[in-house]
Structure formats: C-alpha cells, structure tokens
file target_38.tsv (TSV, C-alpha atoms and all ligand atoms)
chain	number	residue	atom	x	y	z
A	20	MET	CA	-23.46	28.40	7.29
A	21	ARG	CA	-21.38	28.55	10.50
A	22	THR	CA	-17.83	27.36	9.96
A	23	THR	CA	-16.35	25.10	12.61
A	24	ILE	CA	-13.09	25.69	14.50
A	25	ARG	CA	-11.58	22.82	12.51
A	26	GLN	CA	-12.46	24.38	9.15
A	27	GLN	CA	-11.17	27.79	10.25
A	28	LEU	CA	-7.96	26.22	11.54
A	29	ILE	CA	-7.31	24.42	8.24
A	30	GLU	CA	-8.03	27.66	6.38
A	31	ALA	CA	-5.73	29.77	8.58
A	32	LEU	CA	-2.86	27.27	8.33
A	33	SER	CA	-3.33	26.90	4.58
A	34	ASP	CA	-3.42	30.70	4.09
A	35	ALA	CA	-0.08	30.92	5.92
A	36	GLU	CA	1.40	28.85	3.04
A	37	GLY	CA	3.87	26.86	5.12
A	38	GLU	CA	4.80	29.71	7.50
A	39	PHE	CA	4.43	29.17	11.26
A	40	LEU	CA	1.46	30.56	13.17
A	41	SER	CA	1.54	30.60	16.96
A	42	GLY	CA	-1.19	29.00	19.04
A	43	GLN	CA	-2.04	32.47	20.35
A	44	ALA	CA	-2.32	33.96	16.83
A	45	LEU	CA	-4.53	31.08	15.71
A	46	ALA	CA	-6.72	31.45	18.81
A	47	GLU	CA	-7.17	35.15	18.03
A	48	ILE	CA	-7.91	34.64	14.32
A	49	ILE	CA	-10.51	31.96	15.08
A	50	GLY	CA	-11.86	33.41	18.33
A	51	CYS	CA	-11.34	30.39	20.57
A	52	SER	CA	-9.00	29.26	23.36
A	53	ARG	CA	-5.45	27.98	22.83
A	54	THR	CA	-6.55	24.71	24.38
A	55	ALA	CA	-9.19	24.35	21.65
A	56	ILE	CA	-6.48	24.99	19.02
A	57	TRP	CA	-4.25	22.33	20.55
A	58	LYS	CA	-7.13	19.83	20.66
A	59	HIS	CA	-8.00	20.42	17.01
A	60	ILE	CA	-4.35	20.22	15.95
A	61	GLU	CA	-4.23	16.74	17.51
A	62	GLU	CA	-7.45	15.78	15.70
A	63	LEU	CA	-6.05	16.98	12.36
A	64	ARG	CA	-2.94	14.89	12.93
A	65	LYS	CA	-5.09	11.83	13.51
A	66	ASP	CA	-6.83	12.56	10.23
A	67	GLY	CA	-3.61	12.52	8.23
A	68	PHE	CA	-2.52	16.15	8.28
A	69	VAL	CA	1.21	16.47	8.81
A	70	LEU	CA	1.70	19.48	11.11
A	71	GLU	CA	5.01	20.68	12.42
A	72	ALA	CA	5.09	22.29	15.88
A	73	VAL	CA	8.11	24.37	16.94
A	74	ARG	CA	8.46	26.00	20.34
A	75	ASN	CA	8.16	29.82	20.19
A	76	LYS	CA	7.09	29.68	16.56
A	77	GLY	CA	3.86	27.72	16.56
A	78	TYR	CA	2.35	25.41	13.96
A	79	ARG	CA	2.90	24.94	10.29
A	80	ILE	CA	1.09	22.74	7.82
A	81	VAL	CA	3.50	20.37	6.04
A	82	SER	CA	0.93	18.41	4.08
A	83	THR	CA	-2.74	17.54	4.05
A	84	PRO	CA	-4.07	13.98	3.61
A	85	GLU	CA	-4.65	14.85	-0.04
A	86	GLU	CA	-1.05	15.86	-0.64
A	87	MET	CA	2.19	14.01	-0.18
A	88	THR	CA	5.78	14.88	-0.90
A	89	GLU	CA	8.92	12.82	-1.06
A	90	ASN	CA	10.02	14.42	2.23
A	91	ASP	CA	6.85	13.30	4.01
A	92	ILE	CA	7.90	9.74	3.24
A	93	LEU	CA	11.54	10.23	4.21
A	94	TYR	CA	10.82	12.15	7.42
A	95	GLY	CA	10.36	9.53	10.15
A	96	LEU	CA	11.15	6.57	7.86
A	97	GLU	CA	12.47	3.75	10.04
A	98	THR	CA	14.13	1.60	7.38
A	99	GLU	CA	17.77	1.21	6.49
A	100	ARG	CA	17.46	0.54	2.77
A	101	PHE	CA	13.85	0.39	1.59
A	102	GLY	CA	12.43	3.74	0.47
A	103	ARG	CA	15.70	5.59	1.03
A	104	ASN	CA	16.00	6.35	-2.69
A	105	ILE	CA	12.68	7.80	-3.91
A	106	HIS	CA	11.67	8.78	-7.43
A	107	TYR	CA	8.54	10.84	-7.02
A	108	TYR	CA	6.31	11.99	-9.89
A	109	GLU	CA	3.13	14.06	-10.06
A	110	SER	CA	1.94	12.04	-13.03
A	111	LEU	CA	3.36	8.98	-14.75
A	112	GLY	CA	2.18	6.31	-17.17
A	113	SER	CA	2.99	3.52	-14.73
A	114	THR	CA	5.40	3.39	-11.77
A	115	GLN	CA	5.95	-0.23	-12.76
A	116	LYS	CA	7.33	0.72	-16.14
A	117	ALA	CA	9.55	3.47	-14.68
A	118	ALA	CA	10.88	1.08	-12.00
A	119	HIS	CA	11.76	-1.53	-14.65
A	120	GLN	CA	13.84	1.06	-16.46
A	121	LEU	CA	15.53	2.26	-13.25
A	122	ALA	CA	16.32	-1.31	-12.17
A	123	HIS	CA	17.74	-2.04	-15.60
A	124	ASP	CA	19.89	1.11	-15.33
A	125	GLY	CA	21.35	-0.08	-12.00
A	126	ALA	CA	19.11	1.57	-9.35
A	127	PRO	CA	19.94	0.14	-5.91
A	128	GLU	CA	17.74	-2.28	-4.00
A	129	GLY	CA	15.06	-0.44	-2.04
A	130	THR	CA	14.49	2.24	-4.70
A	131	LEU	CA	10.86	3.38	-4.61
A	132	VAL	CA	9.01	4.89	-7.55
A	133	ILE	CA	5.84	6.67	-6.59
A	134	ALA	CA	3.32	8.74	-8.54
A	135	GLU	CA	0.36	10.85	-7.47
A	136	GLU	CA	-1.41	9.73	-10.63
A	137	GLN	CA	-0.87	6.98	-13.20
A	138	THR	CA	-2.29	7.45	-16.67
A	139	SER	CA	-1.83	3.82	-17.70
A	140	GLY	CA	-1.56	1.89	-14.44
A	141	ARG	CA	-1.60	-1.85	-14.96
A	142	GLY	CA	-2.88	-4.72	-12.89
A	143	ARG	CA	-2.46	-8.49	-12.96
A	144	LEU	CA	-3.40	-10.51	-16.02
A	145	GLY	CA	-3.02	-7.46	-18.28
A	146	ARG	CA	-5.86	-5.58	-16.62
A	147	GLU	CA	-6.03	-1.82	-16.32
A	148	TRP	CA	-5.44	-0.34	-12.84
A	149	HIS	CA	-7.43	2.80	-12.12
A	150	SER	CA	-5.04	5.27	-10.42
A	151	LEU	CA	-6.76	8.50	-9.51
A	152	SER	CA	-4.66	11.54	-8.55
A	153	GLY	CA	-4.08	12.27	-4.88
A	154	LYS	CA	-6.33	9.54	-3.47
A	155	GLY	CA	-4.33	6.35	-3.59
A	156	ILE	CA	-0.80	5.05	-3.21
A	157	TRP	CA	0.67	4.00	-6.53
A	158	MET	CA	4.20	2.76	-6.07
A	159	SER	CA	6.78	0.23	-7.26
A	160	LEU	CA	9.62	-1.08	-5.14
A	161	ILE	CA	12.86	-2.48	-6.57
A	162	VAL	CA	14.16	-5.59	-4.79
A	163	LYS	CA	17.34	-7.41	-5.79
A	164	PRO	CA	17.56	-10.70	-3.90
A	165	ASP	CA	20.37	-13.09	-4.69
A	166	LEU	CA	17.96	-15.93	-5.53
A	167	PRO	CA	16.77	-18.06	-8.45
A	168	PRO	CA	13.72	-16.82	-10.46
A	169	GLN	CA	11.39	-19.52	-9.08
A	170	LYS	CA	11.50	-17.75	-5.70
A	171	ALA	CA	9.89	-14.63	-7.18
A	172	PRO	CA	6.25	-15.52	-6.25
A	173	GLN	CA	7.23	-15.64	-2.58
A	174	PHE	CA	7.87	-11.91	-2.76
A	175	THR	CA	4.24	-11.26	-3.66
A	176	LEU	CA	3.31	-13.00	-0.42
A	177	ILE	CA	5.98	-11.16	1.62
A	178	SER	CA	4.59	-7.89	0.20
A	179	ALA	CA	0.98	-8.88	0.93
A	180	VAL	CA	1.83	-9.65	4.56
A	181	ALA	CA	3.74	-6.35	4.93
A	182	VAL	CA	0.78	-4.46	3.40
A	183	ALA	CA	-1.75	-6.24	5.64
A	184	ARG	CA	0.33	-5.56	8.76
A	185	ALA	CA	0.76	-1.87	7.81
A	186	VAL	CA	-2.96	-1.43	7.10
A	187	GLU	CA	-3.68	-3.00	10.47
A	188	GLU	CA	-1.27	-0.68	12.29
A	189	ILE	CA	-2.42	2.51	10.58
A	190	THR	CA	-6.17	1.93	10.56
A	191	GLY	CA	-6.77	-0.55	13.37
A	192	ILE	CA	-8.66	-2.73	10.86
A	193	THR	CA	-7.37	-6.28	10.24
A	194	PRO	CA	-7.57	-6.94	6.50
A	195	GLU	CA	-7.68	-10.32	4.80
A	196	ILE	CA	-5.48	-11.68	2.04
A	197	LYS	CA	-6.91	-13.49	-0.94
A	198	TRP	CA	-4.30	-15.65	-2.66
A	199	PRO	CA	-1.97	-14.59	-4.04
A	200	ASN	CA	-2.01	-10.87	-3.69
A	201	ASP	CA	-5.31	-9.14	-3.02
A	202	VAL	CA	-5.78	-7.40	0.29
A	203	LEU	CA	-9.44	-7.13	1.21
A	204	ILE	CA	-11.60	-5.53	3.85
A	205	ARG	CA	-15.13	-6.93	4.29
A	206	GLY	CA	-14.59	-8.91	1.10
A	207	LYS	CA	-13.76	-5.85	-1.02
A	208	LYS	CA	-10.38	-5.14	-2.55
A	209	VAL	CA	-8.38	-2.37	-0.97
A	210	VAL	CA	-4.86	-3.21	-2.25
A	211	GLY	CA	-3.52	-5.00	-5.32
A	212	ILE	CA	0.05	-6.22	-5.79
A	213	LEU	CA	1.82	-7.01	-9.04
A	214	THR	CA	5.25	-8.64	-8.87
A	215	GLU	CA	7.33	-8.64	-12.04
A	216	LEU	CA	10.69	-10.19	-12.67
A	217	GLN	CA	13.90	-9.30	-14.47
A	218	ALA	CA	16.12	-12.36	-14.59
A	219	GLU	CA	19.35	-13.48	-16.19
A	220	SER	CA	19.50	-17.27	-16.75
A	221	ASP	CA	19.13	-18.77	-13.26
A	222	LYS	CA	19.26	-15.64	-11.12
A	223	ILE	CA	16.86	-12.81	-10.30
A	224	SER	CA	18.40	-9.51	-11.34
A	225	SER	CA	15.46	-7.40	-10.08
A	226	LEU	CA	11.97	-7.80	-8.80
A	227	ILE	CA	9.58	-4.94	-9.34
A	228	ILE	CA	6.86	-5.03	-6.72
A	229	GLY	CA	4.00	-2.78	-7.78
A	230	ILE	CA	1.47	-1.87	-5.11
A	231	GLY	CA	-1.79	-0.01	-5.58
A	232	MET	CA	-3.60	1.00	-2.39
A	233	ASN	CA	-7.01	2.61	-2.33
A	234	ALA	CA	-6.35	5.00	0.52
A	235	ASN	CA	-8.57	8.07	0.57
A	236	HIS	CA	-11.09	7.30	-2.17
A	237	GLY	CA	-14.73	8.10	-1.62
A	238	GLN	CA	-17.24	5.65	-3.10
A	239	GLU	CA	-17.81	8.08	-6.01
A	240	ASP	CA	-14.10	7.93	-6.95
A	241	PHE	CA	-14.32	4.34	-8.22
A	242	PRO	CA	-15.26	3.64	-11.82
A	243	GLU	CA	-18.58	1.83	-12.19
A	244	HIS	CA	-17.10	-1.55	-13.16
A	245	VAL	CA	-15.18	-1.89	-9.87
A	246	ALA	CA	-17.49	0.10	-7.55
A	247	HIS	CA	-19.09	-3.04	-6.06
A	248	THR	CA	-15.83	-4.97	-5.58
A	249	ALA	CA	-13.44	-2.21	-4.42
A	250	THR	CA	-13.22	-0.19	-1.26
A	251	SER	CA	-10.81	2.25	0.36
A	252	LEU	CA	-9.31	2.69	3.80
A	253	PHE	CA	-11.21	5.97	4.09
A	254	ILE	CA	-14.53	4.27	3.33
A	255	GLU	CA	-13.83	1.49	5.83
A	256	LYS	CA	-12.43	3.61	8.64
A	257	GLY	CA	-14.50	6.75	8.12
A	258	GLU	CA	-11.36	8.91	8.42
A	259	LYS	CA	-8.76	10.07	5.93
A	260	ILE	CA	-5.43	8.36	6.43
A	261	SER	CA	-1.92	9.74	6.00
A	262	ARG	CA	-0.61	8.10	2.87
A	263	ALA	CA	2.97	8.93	3.84
A	264	ALA	CA	2.53	7.19	7.21
A	265	LEU	CA	1.09	4.11	5.51
A	266	ILE	CA	3.98	3.95	3.02
A	267	GLN	CA	6.51	4.29	5.85
A	268	CYS	CA	4.80	1.55	7.80
A	269	PHE	CA	4.69	-0.76	4.77
A	270	LEU	CA	8.41	-0.19	4.10
A	271	LYS	CA	9.23	-0.91	7.74
A	272	TYR	CA	7.41	-4.26	7.65
A	273	PHE	CA	8.67	-5.15	4.20
A	274	GLU	CA	12.28	-4.64	5.31
A	275	ARG	CA	11.61	-6.64	8.50
A	276	TYR	CA	9.93	-9.60	6.76
A	277	TYR	CA	12.45	-9.61	3.94
A	278	SER	CA	15.27	-9.94	6.44
A	279	ILE	CA	13.40	-12.75	8.31
A	280	TYR	CA	12.92	-14.49	4.96
A	281	ILE	CA	16.62	-14.23	4.09
A	282	SER	CA	17.74	-15.49	7.50
A	283	ASP	CA	15.04	-18.09	8.33
A	284	GLY	CA	13.46	-18.99	5.00
A	285	PHE	CA	9.86	-18.75	3.83
A	286	LYS	CA	8.16	-20.70	6.63
A	287	PRO	CA	7.70	-17.79	9.11
A	288	ILE	CA	6.28	-15.69	6.25
A	289	ARG	CA	3.95	-18.51	5.24
A	290	LEU	CA	2.61	-18.71	8.80
A	291	LEU	CA	2.04	-14.95	8.89
A	292	TRP	CA	0.41	-15.06	5.46
A	293	GLU	CA	-1.89	-17.89	6.53
A	294	SER	CA	-2.97	-15.87	9.59
A	295	TYR	CA	-4.46	-13.25	7.20
A	296	ALA	CA	-5.65	-15.63	4.48
A	297	ILE	CA	-9.36	-15.96	3.76
A	298	SER	CA	-9.38	-18.86	1.33
A	299	ILE	CA	-7.57	-21.51	3.35
A	300	GLY	CA	-9.89	-24.32	4.44
A	301	LYS	CA	-12.66	-23.01	2.16
A	302	ARG	CA	-14.09	-24.24	-1.09
A	303	ILE	CA	-12.82	-22.13	-3.97
A	304	ARG	CA	-12.80	-22.01	-7.74
A	305	ALA	CA	-9.49	-21.24	-9.43
A	306	THR	CA	-9.51	-20.10	-13.05
A	307	THR	CA	-6.09	-20.87	-14.49
A	308	VAL	CA	-4.76	-20.61	-18.06
A	309	SER	CA	-5.29	-24.36	-18.46
A	310	GLY	CA	-8.81	-24.56	-17.02
A	311	VAL	CA	-10.97	-24.26	-13.91
A	312	ILE	CA	-10.20	-26.20	-10.71
A	313	THR	CA	-12.77	-26.42	-7.95
A	314	GLY	CA	-12.03	-27.76	-4.50
A	315	ARG	CA	-10.87	-26.92	-1.01
A	316	ALA	CA	-7.86	-24.61	-0.57
A	317	ILE	CA	-5.66	-26.52	1.84
A	318	GLY	CA	-2.74	-24.12	2.18
A	319	ILE	CA	0.32	-22.80	0.41
A	320	THR	CA	3.61	-24.56	-0.09
A	321	ASP	CA	6.92	-23.18	1.14
A	322	GLU	CA	7.33	-21.82	-2.41
A	323	GLY	CA	4.12	-19.77	-2.02
A	324	VAL	CA	2.16	-22.03	-4.38
A	325	LEU	CA	-1.56	-22.57	-3.59
A	326	LYS	CA	-2.71	-26.16	-2.95
A	327	ILE	CA	-6.28	-27.15	-3.83
A	328	GLU	CA	-7.74	-30.57	-3.08
A	329	ASP	CA	-10.47	-31.43	-5.59
A	330	ASP	CA	-13.49	-33.68	-4.99
A	331	GLU	CA	-11.51	-36.78	-6.04
A	332	GLY	CA	-8.86	-35.99	-3.41
A	333	ILE	CA	-6.30	-34.93	-6.03
A	334	ILE	CA	-4.05	-32.09	-4.90
A	335	HIS	CA	-3.43	-29.39	-7.50
A	336	HIS	CA	-0.60	-26.89	-7.26
A	337	ILE	CA	-1.72	-23.47	-8.51
A	338	TYR	CA	0.93	-21.02	-9.66
A	339	SER	CA	-1.31	-18.34	-11.16
A	340	ALA	CA	-5.08	-18.01	-11.19
A	341	ASP	CA	-8.10	-15.89	-10.44
A	342	ILE	CA	-9.80	-17.11	-7.29
A	343	GLN	CA	-13.54	-17.02	-6.59
A	344	GLN	CA	-15.15	-18.20	-3.37
B	1	LIG	C1	-3.70	-6.21	-9.26
B	1	LIG	O1	-4.16	-6.44	-10.39
B	1	LIG	O2	-4.34	-6.50	-8.25
B	1	LIG	C2	-2.36	-5.54	-9.12
B	1	LIG	C3	-2.46	-4.04	-9.19
B	1	LIG	C4	-1.13	-3.34	-9.09
B	1	LIG	C5	-1.25	-1.85	-9.28
B	1	LIG	C6	0.02	-1.13	-9.00
B	1	LIG	S1	-0.20	0.61	-8.82
B	1	LIG	C7	1.51	0.85	-8.82
B	1	LIG	C8	2.11	-0.10	-9.84
B	1	LIG	N1	2.10	0.50	-11.15
B	1	LIG	C9	1.27	-0.13	-11.99
B	1	LIG	O3	1.08	0.20	-13.18
B	1	LIG	N2	0.71	-1.16	-11.38
B	1	LIG	C10	1.14	-1.29	-10.00
call {"tool": "encode", "arguments": {"input": "target_38.tsv", "output": "structure tokens", "more": "lines below"}}
Ligand code: BTN
result
Amino acid sequence: MRTTIRQQLIEALSDAEGEFLSGQALAEIIGCSRTAIWKHIEELRKDGFVLEAVRNKGYRIVSTPEEMTENDILYGLETERFGRNIHYYESLGSTQKAAHQLAHDGAPEGTLVIAEEQTSGRGRLGREWHSLSGKGIWMSLIVKPDLPPQKAPQFTLISAVAVARAVEEITGITPEIKWPNDVLIRGKKVVGILTELQAESDKISSLIIGIGMNANHGQEDFPEHVAHTATSLFIEKGEKISRAALIQCFLKYFERYYSIYISDGFKPIRLLWESYAISIGKRIRATTVSGVITGRAIGITDEGVLKIEDDEGIIHHIYSADIQQ
C-alpha cells in the first residue's frame, strides 16, 4: 500500500525522537516539496499534534493527540491560578480520590490532578466511570471558595458552562447541557462532572470538581452498556482533538466564570447555563431519592436548583436527580 506524505511525515518526526528535522531534510526523506511539508505540518497541528518549529533548526514533535504531558498543559496556559499546579499520573485509581487527599493536605486552589488512565474512576450516584488510557481527559480541580456549603452545587453549573464553552471553541460544535452536569452532543453524553465537597461546619474548605471528557474515543472504545448513550469529540467532529488545548481552554473559561461569579453573583452564570440547557421549557421526568416527579422544567434558581412545574401547577425544587426527557 502507498503511504501518504502525512503518514511518512509522522513517521519521520517520530523516528527523530524529539530532535529537530529541517523542512529541507523532511522534504528529501519523503520526496516532496518543502511547501508540501509546511502544508502537512499545519494539518497535523489542526489534528492535535503539538509541533515545535524553530528557525534554522526545523520541526520537532512535542506530542501526538494520543499523548499528553504536564508541559503541554502548562505551555500556552492563559490562567493565573487554575492549572498552575499540576499533579500528573500515567495511571491512578481516581483523580477525585487523589485530589481529596491533596486538598486535605493543603494543596492550593487551582491544583489540577490529571491521569492518563483511571482504574476505578467514579461517576455520580456511585456509578463507575470508564476511563480508558490516552483517549479521554480525566481530571479533578481543587477550588477553595470562601462560601457556605450550600453554594457548592453552583460550581457544578459553573464547570458545565466552562466545559461547554471550551468544547465549542476547540471543536466548533455547540454542545448542550442536561441539568445538572451532563454535557451532550446530539443527545449523547460527551462530558460528565462530579462535584464533591469538603466542609467544616458552615464553610466550604475545598470543592473537588471531577471532569471526565470523552475526547478521542472511537465508537469501539466504549463499553457496550454506554455505547448507545455516549459519544466523543472525535466521533462528532471527525478529527482528533488536542486534549492539552481543550484542558487549557476549559481552565481559561473556568477562571473567567469563577471570577464573574465572585464579583457579580450567580445570575450571569445562570443565564449562560440556560443558553446551553436542553431541558428548560420541556417536559421531563426527574428520578430523585424520594420519588419520581414529572412536569415541565421551568428553569434553575439562583442557587442552581432545578424547578419543575407538575401537572397540578405545583413547583418542585430538585437538588439531585436523574433526568429523562
Ligand atoms: C458523571 O457521572 O457524569 C460524572 C463523571 C465524572 C468522572 C470524572 S473523571 C475524573 C474524576 N475522577 C473520577 O473518578 N471521576 C471524575
């Protein structure tokens, strides 16, 4: 089979093991023009390859869409605090568990725990979270707001809006948010968020915001029981995405929305959240610990609580539930 310029370029850069190769050398190895090399380098960048270009030295592969290092996240990060302190692991039980320990031991706000693979990733309502190596983004962010514990659910919504905005910027696809924390594309889940709290009497000591993003999964990478309800950014866009770029973008928006929230309150976040929400105005079924409520979702309160109006016109405030449409 004839190999393409793209395949030969990836091979030549990978064989160089991080050393620079000039455009001229690459053109000679592959047997094409320097312009063709330049064009393909740009294409690879769009597909999530991180390539460094240095005048008089040439090109060097920093990472492929399948790989990611701590430095890929730090290089080009636009935040002041969030993601500046990274704990990166090849494999971990759960980033959530590790972040709880770090927060307890005094890790500063903005600390990010990230793992290529989780062996016992956990989701909401005690569910298991499938966390395949190298495909997704499995991370937990430590936030330490000076607020009472009842404000904690608002952070799930701040995170969901930051995720949705970042997905939109990186892929060009506008996702939808299903209350409280699922980010969907074409009705299938692409991101899940789990917010957990460490509190002392009437004050939050730490919030651990766990985020699982299906980034570069192929359809075959999902276990059977979620295959029909889950999707990935790769499946939806048809191109691999740079996980490091998506993390950077999420951190940028999280820091921005967090600061808006601290200065102006929850209302601007609520409006943003509602602009992505799928359930509002629709008839939904909420399964809560105390029973099932069916009715029309009429919005969220300024505390981030879902309001459902049932058929008798009674308005229910939902703090935690599974939502079906
Ligand atoms: C959900 O059920 O939708 C929430 C899923 C949250 C998964 C993430 S992956 C990173 C972090 N570590 C975990 O064990 N869970 C969260």
call {"tool": "residues_around", "arguments": {"input": "target_38.tsv", "residues": "A:Thr214", "least_positions_apart": "4", "cutoff": "10 Å", "atoms": "only C-alpha atoms", "output": "count of residues only"}}
result
18
call {"tool": "closest_atom_pairs", "arguments": {"input": "target_38.tsv", "of": "chain A", "to": "ligand LIG 1 (chain B)", "cutoff": "8 Å", "atoms": "only C-alpha atoms and all ligand atoms", "output": "Markdown table"}}
result
| residue | atom | partner | partner_atom | distance |
| --- | --- | --- | --- | --- |
| A:Gly112 | CA | B:LIG1 | O3 | 7.4 |
| A:Ser113 | CA | B:LIG1 | O3 | 4.1 |
| A:Thr114 | CA | B:LIG1 | N1 | 4.4 |
| A:Gln115 | CA | B:LIG1 | N1 | 4.2 |
| A:Lys116 | CA | B:LIG1 | O3 | 6.9 |
| A:Ile133 | CA | B:LIG1 | C7 | 7.6 |
| A:Gln137 | CA | B:LIG1 | O3 | 7.1 |
| A:Ser139 | CA | B:LIG1 | O3 | 6.5 |
| A:Gly140 | CA | B:LIG1 | O3 | 3.4 |
| A:Arg141 | CA | B:LIG1 | O3 | 3.8 |
| A:Gly142 | CA | B:LIG1 | O1 | 3.3 |
| A:Arg143 | CA | B:LIG1 | O1 | 3.7 |
| A:Leu144 | CA | B:LIG1 | O1 | 7.0 |
| A:Arg146 | CA | B:LIG1 | O1 | 6.5 |
| A:Glu147 | CA | B:LIG1 | O1 | 7.7 |
| A:Trp148 | CA | B:LIG1 | C5 | 5.7 |
| A:Ser150 | CA | B:LIG1 | S1 | 6.9 |
| A:Ile156 | CA | B:LIG1 | S1 | 7.2 |
| A:Trp157 | CA | B:LIG1 | C7 | 4.0 |
| A:Met158 | CA | B:LIG1 | C7 | 4.3 |
| A:Ser159 | CA | B:LIG1 | C8 | 5.3 |
| A:Asn200 | CA | B:LIG1 | O2 | 6.7 |
| A:Asp201 | CA | B:LIG1 | O2 | 5.9 |
| A:Val210 | CA | B:LIG1 | O2 | 6.9 |
| A:Gly211 | CA | B:LIG1 | O2 | 3.4 |
| A:Ile212 | CA | B:LIG1 | C2 | 4.2 |
| A:Leu213 | CA | B:LIG1 | C2 | 4.4 |
| A:Ile228 | CA | B:LIG1 | C8 | 7.5 |
| A:Gly229 | CA | B:LIG1 | C8 | 3.9 |
| A:Ile230 | CA | B:LIG1 | C6 | 4.2 |
| A:Gly231 | CA | B:LIG1 | S1 | 3.7 |
| A:Met232 | CA | B:LIG1 | S1 | 7.3 |
call {"tool": "atom_distance", "arguments": {"input": "target_38.tsv", "atom1": "atom CA of A:Tyr277", "atom2": "atom CA of A:Ala183"}}
result
14.7 Å
call {"tool": "atom_distance", "arguments": {"input": "target_38.tsv", "atom1": "atom CA of A:Leu151", "atom2": "atom CA of A:Gly237"}}
result
11.2 Å
call {"tool": "atom_distance", "arguments": {"input": "target_38.tsv", "atom1": "atom CA of A:Leu63", "atom2": "atom CA of A:Leu265"}}
result
16.2 Å
call {"tool": "residues_around", "arguments": {"input": "target_38.tsv", "residues": "stretch 29-36 of chain A", "least_positions_apart": "2", "cutoff": "10 Å", "atoms": "only C-alpha atoms", "output": "number ranges by chain"}}
result
A: 24-27, 38-40, 44-45, 48-49, 59-60, 63, 68, 70, 78-83
call {"tool": "axis_aligned_box", "arguments": {"input": "target_38.tsv", "around": "stretch 191-196 of chain A", "padding_each_side": "5 Å", "output": "lines of an AutoDock Vina configuration file"}}
result
center_x = -7.1
center_y = -6.1
center_z = 7.7
size_x = 13.2
size_y = 21.1
size_z = 21.3
call {"tool": "residues_around", "arguments": {"input": "target_38.tsv", "residues": "stretch 295-297 of chain A", "least_positions_apart": "6", "cutoff": "9 Å", "atoms": "only C-alpha atoms", "output": "list in words"}}
result
Val180, Ala183, Thr193, Pro194, Glu195, Ile196, Lys197 and Trp198 of chain A
call {"tool": "closest_residue", "arguments": {"input": "target_38.tsv", "among": "A:Ile189, A:Val69, A:Val245, A:Leu252", "to": "A:Val209", "atoms": "only C-alpha atoms"}}
result
A:Leu252
call {"tool": "closest_residue", "arguments": {"input": "target_38.tsv", "among": "A:Ser220, A:Thr138, A:Thr98, A:Thr313", "to": "A:Leu111", "atoms": "all atoms listed in the file"}}
result
A:Thr138
call {"tool": "residues_around", "arguments": {"input": "target_38.tsv", "residues": "A:Ile192", "least_positions_apart": "3", "cutoff": "9 Å", "atoms": "all atoms listed in the file", "output": "compact mmCIF listing (two decimals) with C-alpha atoms, keeping the file's coordinate frame"}}
result
# COMPACT_ATOMS: atom_id res chain seq x y z
CA VAL A 186 -2.96 -1.43 7.10
CA GLU A 187 -3.68 -3.00 10.47
CA GLU A 188 -1.27 -0.68 12.29
CA ILE A 189 -2.42 2.51 10.58
CA ILE A 204 -11.60 -5.53 3.85
CA LEU A 252 -9.31 2.69 3.80
CA GLU A 255 -13.83 1.49 5.83
CA LYS A 256 -12.43 3.61 8.64
call {"tool": "closest_residue", "arguments": {"input": "target_38.tsv", "among": "A:His123, A:Ala118, A:Ser282, A:Gln344", "to": "A:Gly206", "atoms": "all atoms listed in the file"}}
result
A:Gln344
call {"tool": "closest_residue", "arguments": {"input": "target_38.tsv", "among": "A:Phe253, A:Tyr108, A:Phe101, A:Tyr276", "to": "A:Trp292", "atoms": "all atoms listed in the file"}}
result
A:Tyr276
call {"tool": "residues_around", "arguments": {"input": "target_38.tsv", "residues": "A:His119", "least_positions_apart": "6", "cutoff": "9 Å", "atoms": "only C-alpha atoms", "output": "PyMOL selection string"}}
result
chain A and resi 161+215-217+225-227
call {"tool": "decode", "arguments": {"input": "target_38.tsv", "residues": "stretch 39-85 of chain A", "atoms": "C-alpha atoms", "output": "PDB file, in the first residue's frame"}}
result
ATOM      1  CA  PHE A  39      14.579  18.765  15.165  1.00  0.00           C
ATOM      2  CA  LEU A  40      14.383  17.948  11.457  1.00  0.00           C
ATOM      3  CA  SER A  41      14.580  20.768   8.922  1.00  0.00           C
ATOM      4  CA  GLY A  42      11.914  21.281   6.289  1.00  0.00           C
ATOM      5  CA  GLN A  43      14.560  20.519   3.661  1.00  0.00           C
ATOM      6  CA  ALA A  44      15.596  17.243   5.355  1.00  0.00           C
ATOM      7  CA  LEU A  45      11.963  16.174   5.662  1.00  0.00           C
ATOM      8  CA  ALA A  46      11.308  17.044   2.014  1.00  0.00           C
ATOM      9  CA  GLU A  47      14.276  14.896   0.981  1.00  0.00           C
ATOM     10  CA  ILE A  48      13.338  11.924   3.196  1.00  0.00           C
ATOM     11  CA  ILE A  49       9.755  11.934   1.902  1.00  0.00           C
ATOM     12  CA  GLY A  50      10.460  13.028  -1.672  1.00  0.00           C
ATOM     13  CA  CYS A  51       8.164  16.049  -1.817  1.00  0.00           C
ATOM     14  CA  SER A  52       8.435  19.847  -1.810  1.00  0.00           C
ATOM     15  CA  ARG A  53       9.059  21.967   1.298  1.00  0.00           C
ATOM     16  CA  THR A  54       5.720  23.635   0.654  1.00  0.00           C
ATOM     17  CA  ALA A  55       4.018  20.236   0.917  1.00  0.00           C
ATOM     18  CA  ILE A  56       5.823  19.642   4.243  1.00  0.00           C
ATOM     19  CA  TRP A  57       4.660  23.006   5.566  1.00  0.00           C
ATOM     20  CA  LYS A  58       1.069  22.316   4.472  1.00  0.00           C
ATOM     21  CA  HIS A  59       1.032  18.920   6.178  1.00  0.00           C
ATOM     22  CA  ILE A  60       2.623  20.321   9.341  1.00  0.00           C
ATOM     23  CA  GLU A  61      -0.290  22.779   9.552  1.00  0.00           C
ATOM     24  CA  GLU A  62      -2.777  19.931   9.014  1.00  0.00           C
ATOM     25  CA  LEU A  63      -1.153  17.867  11.777  1.00  0.00           C
ATOM     26  CA  ARG A  64      -1.411  20.825  14.136  1.00  0.00           C
ATOM     27  CA  LYS A  65      -5.117  21.103  13.393  1.00  0.00           C
ATOM     28  CA  ASP A  66      -5.447  17.427  14.240  1.00  0.00           C
ATOM     29  CA  GLY A  67      -3.967  17.837  17.701  1.00  0.00           C
ATOM     30  CA  PHE A  68      -0.275  17.206  17.129  1.00  0.00           C
ATOM     31  CA  VAL A  69       1.869  19.636  19.083  1.00  0.00           C
ATOM     32  CA  LEU A  70       4.799  20.535  16.808  1.00  0.00           C
ATOM     33  CA  GLU A  71       7.522  22.981  17.655  1.00  0.00           C
ATOM     34  CA  ALA A  72       9.076  24.996  14.816  1.00  0.00           C
ATOM     35  CA  VAL A  73      12.405  26.775  15.340  1.00  0.00           C
ATOM     36  CA  ARG A  74      14.110  28.886  12.705  1.00  0.00           C
ATOM     37  CA  ASN A  75      17.285  27.244  11.301  1.00  0.00           C
ATOM     38  CA  LYS A  76      16.508  24.006  13.119  1.00  0.00           C
ATOM     39  CA  GLY A  77      13.218  22.846  11.689  1.00  0.00           C
ATOM     40  CA  TYR A  78      10.370  20.884  13.265  1.00  0.00           C
ATOM     41  CA  ARG A  79      10.113  18.675  16.273  1.00  0.00           C
ATOM     42  CA  ILE A  80       7.224  16.609  17.527  1.00  0.00           C
ATOM     43  CA  VAL A  81       6.291  17.540  21.109  1.00  0.00           C
ATOM     44  CA  SER A  82       3.253  15.310  21.445  1.00  0.00           C
ATOM     45  CA  THR A  83       0.688  13.487  19.380  1.00  0.00           C
ATOM     46  CA  PRO A  84      -3.080  13.660  20.033  1.00  0.00           C
ATOM     47  CA  GLU A  85      -2.738  10.336  21.835  1.00  0.00           C
TER      48      GLU A  85
END
